[in-house]
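Colleague: Sharing a structure here in structure tokens format.
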Amino acid sequence: MNPPHFLNTQDWSRVDLDALLHQAAQFRLSPLGSQLSGKSIALLFFNPSMRTRTSFELGAHQLSGKAIVLAPGKDAWPIEFETGAVMDGDAEEHIAEVARVLSRYVDMIGVRAFPKFRDWSEDRQDRVLQSFARYATVPVINMETITHPCQELAHIMALQQHFGTTDLRGRKYVLTWTYHPKPLNTAVANSALTIATRYGMDVTLLCPTPEYALDDRYMELARRNAEDTGGSFRMTHAIDEAYEGAHVVYAKSWGAIPYFGRWEEEKPIRDAHRHFIVDEAKMARTDGAVFSHCLPLRRNVKATDAVMDSTACIAIDEAENRLHVQKAIMAALAGS
Ligand code: CP
């Protein structure tokens, strides 16, 4: 039997997600514990991180566990993921050995592996994460690949804190694309649509053109979730109308999927939409909305100083919650 993994929130029932959020709220009030006593987690970072690395490492420590951070290709051997590969390139070992050896040492494995940004049809297979899940005999945690489920829970927890209720149904939620000089991962945007619809909100995806729609898999998931929860989901390109009456504004930049690997062709479209920046004028159209972002955020490119420094901004609370929710996830998986 496969061990339980935390690869996507969609694989977890609402009851189980709510239990994680409840446990996270407990950890917020009482940070130290022994839930990971004698347990360990390997954290594999194929990409940089500030929040994820700090909060996982610290979280394991606070629960009396041990985290070991590895950067394959830098301080650990480069890994091959292709089945049947003739390994005469850069990779020194195969995921079949890496995942199984780590499983003999540690009790959980966390993986951060962003898309390669060359071919979305390949990237959407999430091969690094799925390979760890296939070969590991211990639970695997997604620390951001093509979705970012830990961020999803931290986000929902911050909204529940702000609104003072666990019931977010009926809130008007806007996920807005923002400008960034480089094409970025769609993971947080995919995740925002997934979790906001899962929690029954009325979700609007605001983006510059139809080309910035997310992968059909996540657009369809959002539609299905909205149907199941009694919420709603739609996409618009009209900024003023999207912000009108909103209760939540969540910002993220991402590269347009039809231009994957042909970023020089996408750049003029992106550059023409710098005005998607979240500013005070847009926020003034909302119904006193909160603003958040997963961070890192380029100030005065994605959101203005005024928005970031306003009382409406809950991005720091959301970042803090990463610590609490990840402890809840590790404790749940370690106990399973
Ligand atoms: N939001 C987030 O995952 O931050 P890091 O990239 O710093 O880990």
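A note on labels: chains of the structure tokens are A, B, ... as shown, every chain counts residues from 1, and ligands are counted from 1 in their shown order.
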Counting only C-alpha atoms and all ligand atoms, what are the residues, protein, DNA or RNA alike, that approach ligand 1 to within 10 Å? I want them as a ChimeraX atom specification.
Modeller: /A:45,47-56,112,143-144,148-152,154,188,293-297,315,318-319,322
Colleague: With only C-alpha atoms as the counted atoms, please give the residues lying no more than 7 Å from segment 273-278 of chain A, apart from itself and same-chain residues fewer than 5 positions off, as a PDB file with all heavy atoms, in the first residue's frame.
Modeller:
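The resulting selection_18.pdb:
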ATOM      1  N   TRP A 177      -4.054  38.457 -11.864  1.00  0.00           N
ATOM      2  CA  TRP A 177      -2.715  38.410 -12.464  1.00  0.00           C
ATOM      3  C   TRP A 177      -2.084  39.778 -12.241  1.00  0.00           C
ATOM      4  O   TRP A 177      -2.783  40.803 -12.233  1.00  0.00           O
ATOM      5  CB  TRP A 177      -2.857  38.140 -13.966  1.00  0.00           C
ATOM      6  CG  TRP A 177      -1.559  38.097 -14.720  1.00  0.00           C
ATOM      7  CD1 TRP A 177      -0.812  36.987 -14.988  1.00  0.00           C
ATOM      8  CD2 TRP A 177      -0.876  39.197 -15.339  1.00  0.00           C
ATOM      9  NE1 TRP A 177       0.301  37.335 -15.714  1.00  0.00           N
ATOM     10  CE2 TRP A 177       0.281  38.687 -15.946  1.00  0.00           C
ATOM     11  CE3 TRP A 177      -1.120  40.567 -15.427  1.00  0.00           C
ATOM     12  CZ2 TRP A 177       1.190  39.492 -16.641  1.00  0.00           C
ATOM     13  CZ3 TRP A 177      -0.226  41.367 -16.111  1.00  0.00           C
ATOM     14  CH2 TRP A 177       0.918  40.827 -16.713  1.00  0.00           C
ATOM     15  N   THR A 178      -0.771  39.775 -12.020  1.00  0.00           N
ATOM     16  CA  THR A 178      -0.043  41.049 -11.965  1.00  0.00           C
ATOM     17  C   THR A 178       1.188  40.946 -12.848  1.00  0.00           C
ATOM     18  O   THR A 178       1.668  39.848 -13.157  1.00  0.00           O
ATOM     19  CB  THR A 178       0.410  41.393 -10.527  1.00  0.00           C
ATOM     20  OG1 THR A 178       1.151  40.287 -10.016  1.00  0.00           O
ATOM     21  CG2 THR A 178      -0.771  41.713  -9.629  1.00  0.00           C
ATOM     22  N   TYR A 179       1.685  42.095 -13.201  1.00  0.00           N
ATOM     23  CA  TYR A 179       2.896  42.151 -14.026  1.00  0.00           C
ATOM     24  C   TYR A 179       4.109  41.675 -13.231  1.00  0.00           C
ATOM     25  O   TYR A 179       4.193  41.864 -12.011  1.00  0.00           O
ATOM     26  CB  TYR A 179       3.131  43.594 -14.503  1.00  0.00           C
ATOM     27  CG  TYR A 179       4.429  43.743 -15.247  1.00  0.00           C
ATOM     28  CD1 TYR A 179       4.559  43.261 -16.550  1.00  0.00           C
ATOM     29  CD2 TYR A 179       5.535  44.330 -14.635  1.00  0.00           C
ATOM     30  CE1 TYR A 179       5.764  43.365 -17.225  1.00  0.00           C
ATOM     31  CE2 TYR A 179       6.738  44.443 -15.300  1.00  0.00           C
ATOM     32  CZ  TYR A 179       6.852  43.957 -16.593  1.00  0.00           C
ATOM     33  OH  TYR A 179       8.039  44.050 -17.243  1.00  0.00           O
ATOM     34  N   PRO A 208      -5.075  39.471 -18.035  1.00  0.00           N
ATOM     35  CA  PRO A 208      -5.064  40.444 -19.135  1.00  0.00           C
ATOM     36  C   PRO A 208      -5.804  39.998 -20.393  1.00  0.00           C
ATOM     37  O   PRO A 208      -6.528  40.780 -21.000  1.00  0.00           O
ATOM     38  CB  PRO A 208      -3.576  40.613 -19.446  1.00  0.00           C
ATOM     39  CG  PRO A 208      -2.860  40.199 -18.221  1.00  0.00           C
ATOM     40  CD  PRO A 208      -3.706  39.151 -17.590  1.00  0.00           C
ATOM     41  N   VAL A 301       5.646  46.916  -8.353  1.00  0.00           N
ATOM     42  CA  VAL A 301       5.533  46.226  -9.634  1.00  0.00           C
ATOM     43  C   VAL A 301       4.248  45.381  -9.586  1.00  0.00           C
ATOM     44  O   VAL A 301       3.388  45.499 -10.440  1.00  0.00           O
ATOM     45  CB  VAL A 301       6.765  45.345  -9.921  1.00  0.00           C
ATOM     46  CG1 VAL A 301       6.543  44.492 -11.167  1.00  0.00           C
ATOM     47  CG2 VAL A 301       8.008  46.219 -10.090  1.00  0.00           C
ATOM     48  N   LYS A 302       4.156  44.546  -8.535  1.00  0.00           N
ATOM     49  CA  LYS A 302       2.943  43.720  -8.366  1.00  0.00           C
ATOM     50  C   LYS A 302       1.895  44.439  -7.515  1.00  0.00           C
ATOM     51  O   LYS A 302       0.705  44.332  -7.772  1.00  0.00           O
ATOM     52  CB  LYS A 302       3.299  42.401  -7.696  1.00  0.00           C
ATOM     53  CG  LYS A 302       4.053  41.417  -8.576  1.00  0.00           C
ATOM     54  CD  LYS A 302       4.402  40.214  -7.725  1.00  0.00           C
ATOM     55  CE  LYS A 302       4.818  39.019  -8.562  1.00  0.00           C
ATOM     56  NZ  LYS A 302       5.153  37.882  -7.699  1.00  0.00           N
ATOM     57  N   ALA A 303       2.360  45.099  -6.449  1.00  0.00           N
ATOM     58  CA  ALA A 303       1.466  45.876  -5.566  1.00  0.00           C
ATOM     59  C   ALA A 303       2.246  47.079  -5.063  1.00  0.00           C
ATOM     60  O   ALA A 303       3.469  47.006  -4.891  1.00  0.00           O
ATOM     61  CB  ALA A 303       0.988  45.020  -4.394  1.00  0.00           C
ATOM     62  N   THR A 304       1.518  48.146  -4.826  1.00  0.00           N
ATOM     63  CA  THR A 304       2.190  49.384  -4.395  1.00  0.00           C
ATOM     64  C   THR A 304       2.595  49.298  -2.920  1.00  0.00           C
ATOM     65  O   THR A 304       2.048  48.503  -2.153  1.00  0.00           O
ATOM     66  CB  THR A 304       1.252  50.594  -4.573  1.00  0.00           C
ATOM     67  OG1 THR A 304       0.081  50.370  -3.758  1.00  0.00           O
ATOM     68  CG2 THR A 304       0.857  50.780  -6.022  1.00  0.00           C
TER      69      THR A 304
END
Colleague: Run DSSP on the backbone and tell me which residues of segment 61-256 of chain A come out as alpha helix (DSSP H); list them as a PyMOL selection string.
Modeller: chain A and resi 61-62+95-105+120-123+127-135+149-163+187-198+216-229+239-243
Colleague: Emit the selected residues as a PDB file, in the first residue's frame, including C-alpha atoms.
Modeller:
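Just written: again_9.pdb:
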ATOM      1  CA  HIS A  61      12.502  21.528  15.278  1.00  0.00           C
ATOM      2  CA  GLN A  62       9.545  22.953  17.243  1.00  0.00           C
ATOM      3  CA  ILE A  95      15.193   8.733  -8.509  1.00  0.00           C
ATOM      4  CA  ALA A  96      14.545   4.991  -8.010  1.00  0.00           C
ATOM      5  CA  GLU A  97      17.555   4.873  -5.679  1.00  0.00           C
ATOM      6  CA  VAL A  98      17.295   8.417  -4.237  1.00  0.00           C
ATOM      7  CA  ALA A  99      13.697   8.075  -3.050  1.00  0.00           C
ATOM      8  CA  ARG A 100      14.175   4.563  -1.685  1.00  0.00           C
ATOM      9  CA  VAL A 101      17.427   5.353   0.120  1.00  0.00           C
ATOM     10  CA  LEU A 102      15.979   8.506   1.682  1.00  0.00           C
ATOM     11  CA  SER A 103      12.953   6.450   2.747  1.00  0.00           C
ATOM     12  CA  ARG A 104      15.295   4.208   4.759  1.00  0.00           C
ATOM     13  CA  TYR A 105      16.670   7.255   6.605  1.00  0.00           C
ATOM     14  CA  TRP A 120       4.148  22.945 -20.545  1.00  0.00           C
ATOM     15  CA  SER A 121       2.973  19.554 -21.839  1.00  0.00           C
ATOM     16  CA  GLU A 122       5.990  18.096 -19.978  1.00  0.00           C
ATOM     17  CA  ASP A 123       5.885  20.402 -16.962  1.00  0.00           C
ATOM     18  CA  ARG A 127       7.395  14.453 -12.993  1.00  0.00           C
ATOM     19  CA  VAL A 128       9.809  15.182 -10.146  1.00  0.00           C
ATOM     20  CA  LEU A 129       7.103  15.173  -7.469  1.00  0.00           C
ATOM     21  CA  GLN A 130       5.254  12.217  -8.967  1.00  0.00           C
ATOM     22  CA  SER A 131       8.491  10.227  -9.193  1.00  0.00           C
ATOM     23  CA  PHE A 132       9.228  10.809  -5.518  1.00  0.00           C
ATOM     24  CA  ALA A 133       5.680   9.730  -4.683  1.00  0.00           C
ATOM     25  CA  ARG A 134       6.096   6.634  -6.861  1.00  0.00           C
ATOM     26  CA  TYR A 135       9.377   5.401  -5.422  1.00  0.00           C
ATOM     27  CA  PRO A 149      -0.789  23.182  -1.414  1.00  0.00           C
ATOM     28  CA  CYS A 150       1.019  24.348   1.766  1.00  0.00           C
ATOM     29  CA  GLN A 151       0.473  27.940   0.623  1.00  0.00           C
ATOM     30  CA  GLU A 152      -3.198  27.145   0.004  1.00  0.00           C
ATOM     31  CA  LEU A 153      -3.758  26.149   3.617  1.00  0.00           C
ATOM     32  CA  ALA A 154      -1.804  29.144   4.948  1.00  0.00           C
ATOM     33  CA  HIS A 155      -3.940  31.391   2.736  1.00  0.00           C
ATOM     34  CA  ILE A 156      -7.247  29.896   3.872  1.00  0.00           C
ATOM     35  CA  MET A 157      -6.113  30.078   7.501  1.00  0.00           C
ATOM     36  CA  ALA A 158      -5.284  33.797   7.089  1.00  0.00           C
ATOM     37  CA  LEU A 159      -8.719  34.462   5.561  1.00  0.00           C
ATOM     38  CA  GLN A 160     -10.441  32.548   8.371  1.00  0.00           C
ATOM     39  CA  GLN A 161      -8.468  34.579  10.923  1.00  0.00           C
ATOM     40  CA  HIS A 162      -9.343  37.847   9.229  1.00  0.00           C
ATOM     41  CA  PHE A 163     -13.056  37.132   8.811  1.00  0.00           C
ATOM     42  CA  ALA A 187       1.553  27.001  -9.205  1.00  0.00           C
ATOM     43  CA  VAL A 188       0.154  29.529  -6.742  1.00  0.00           C
ATOM     44  CA  ALA A 189      -2.505  30.657  -9.212  1.00  0.00           C
ATOM     45  CA  ASN A 190      -3.560  27.027  -9.833  1.00  0.00           C
ATOM     46  CA  SER A 191      -3.665  26.540  -6.087  1.00  0.00           C
ATOM     47  CA  ALA A 192      -5.607  29.731  -5.374  1.00  0.00           C
ATOM     48  CA  LEU A 193      -8.366  28.721  -7.798  1.00  0.00           C
ATOM     49  CA  THR A 194      -8.454  25.214  -6.363  1.00  0.00           C
ATOM     50  CA  ILE A 195      -8.728  26.149  -2.694  1.00  0.00           C
ATOM     51  CA  ALA A 196     -10.903  29.271  -3.024  1.00  0.00           C
ATOM     52  CA  THR A 197     -13.546  27.292  -4.917  1.00  0.00           C
ATOM     53  CA  ARG A 198     -13.147  24.353  -2.521  1.00  0.00           C
ATOM     54  CA  ASP A 216      -7.676  23.468 -18.305  1.00  0.00           C
ATOM     55  CA  ARG A 217      -7.077  20.979 -15.507  1.00  0.00           C
ATOM     56  CA  TYR A 218      -7.293  23.774 -12.906  1.00  0.00           C
ATOM     57  CA  MET A 219      -9.975  25.813 -14.693  1.00  0.00           C
ATOM     58  CA  GLU A 220     -12.150  22.692 -14.817  1.00  0.00           C
ATOM     59  CA  LEU A 221     -11.345  21.822 -11.210  1.00  0.00           C
ATOM     60  CA  ALA A 222     -12.421  25.311 -10.145  1.00  0.00           C
ATOM     61  CA  ARG A 223     -15.714  24.925 -12.043  1.00  0.00           C
ATOM     62  CA  ARG A 224     -16.366  21.509 -10.479  1.00  0.00           C
ATOM     63  CA  ASN A 225     -15.452  22.661  -6.973  1.00  0.00           C
ATOM     64  CA  ALA A 226     -17.724  25.698  -7.312  1.00  0.00           C
ATOM     65  CA  GLU A 227     -20.601  23.461  -8.384  1.00  0.00           C
ATOM     66  CA  ASP A 228     -19.985  21.119  -5.448  1.00  0.00           C
ATOM     67  CA  THR A 229     -19.726  23.869  -2.817  1.00  0.00           C
ATOM     68  CA  ILE A 239     -10.232  45.257 -13.954  1.00  0.00           C
ATOM     69  CA  ASP A 240     -12.789  47.696 -12.477  1.00  0.00           C
ATOM     70  CA  GLU A 241     -15.661  45.248 -12.686  1.00  0.00           C
ATOM     71  CA  ALA A 242     -13.597  42.441 -11.079  1.00  0.00           C
ATOM     72  CA  TYR A 243     -12.615  44.567  -8.080  1.00  0.00           C
TER      73      TYR A 243
END
Colleague: For Asp215 of chain A, which residue among A:Leu184, A:Leu36, A:Ala238, A:Ala256 is the nearest when counting only C-alpha atoms?
Modeller: A:Ala256
Colleague: Please, which residues of segment 170-225 of chain A, numbered as in this document, come out strand (DSSP E or B) from DSSP, as a VMD selection string?
Modeller: chain A and resid 172 to 177 202 to 206
Colleague: Kindly give the distance, in Å, that separates atom CA of Gln326 of chain A and atom CA of Pro3 of chain A, rounded to a single decimal.
Modeller: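 Taking atom CA of Gln326 of chain A and atom CA of Pro3 of chain A, their separation equals 17.8 Å.
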Colleague: One decimal, Å: what's the distance from atom CA of Thr165 of chain A over to atom CA of Glu244 of chain A, could you say?
Modeller: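 Here the two named atoms are 22.9 Å from each other.
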Colleague: Restricting the calculation to only C-alpha atoms, which member of A:Val138, A:Thr204, A:Lys252, A:Arg234 is positioned closest to Thr186 of chain A?
Modeller: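 For Thr186 of chain A, the nearest of the given residues is A:Lys252.
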Colleague: Would you mind reading off the distance between atom CA of Leu21 of chain A and atom CA of Ala328 of chain A, one decimal, in Å?
Modeller: 7.5 Å
Colleague: Give me the residues within 10 Å of Val249 of chain A as a PyMOL selection string, counting only C-alpha atoms and dropping any in the same chain fewer than 3 places off.
Modeller: chain A and resi 172-176+204+242-243+246+278+282-283+286+289-293+312-313
Colleague: Using only C-alpha atoms, which residue out of A:Leu32, A:Ile41, A:Ala85, A:Met108 lies closest to His324 of chain A?
Modeller: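 Under the stated criterion, the closest residue is A:Leu32.
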Colleague: Find the residue from A:Tyr259, A:Ser13, A:Gly164, A:His5 that sits nearest to Tyr199 of chain A; use only C-alpha atoms when measuring.
Modeller: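 Closest residue, counting only C-alpha atoms: A:Ser13.
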Colleague: Write out as number ranges by chain the residues lying within 8 Å of Pro115 of chain A, counting only C-alpha atoms and excluding same-chain residues fewer than 5 positions away.
Modeller: A: 120, 123-124, 126, 145-146, 185
Colleague: Tell me, as a ChimeraX atom specification, which residues lie within 9 Å of Leu70 of chain A, counting only C-alpha atoms; anything in the same chain fewer than 5 positions away does not count.
Modeller: /A:42-46,75-76
Colleague: May I ask which of the residues A:Val248, A:Ala19, A:Ile257, A:Ile316 is the closest one to Phe117 of chain A, counting only C-alpha atoms?
Modeller: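 The closest residue to Phe117 of chain A is A:Ile257.
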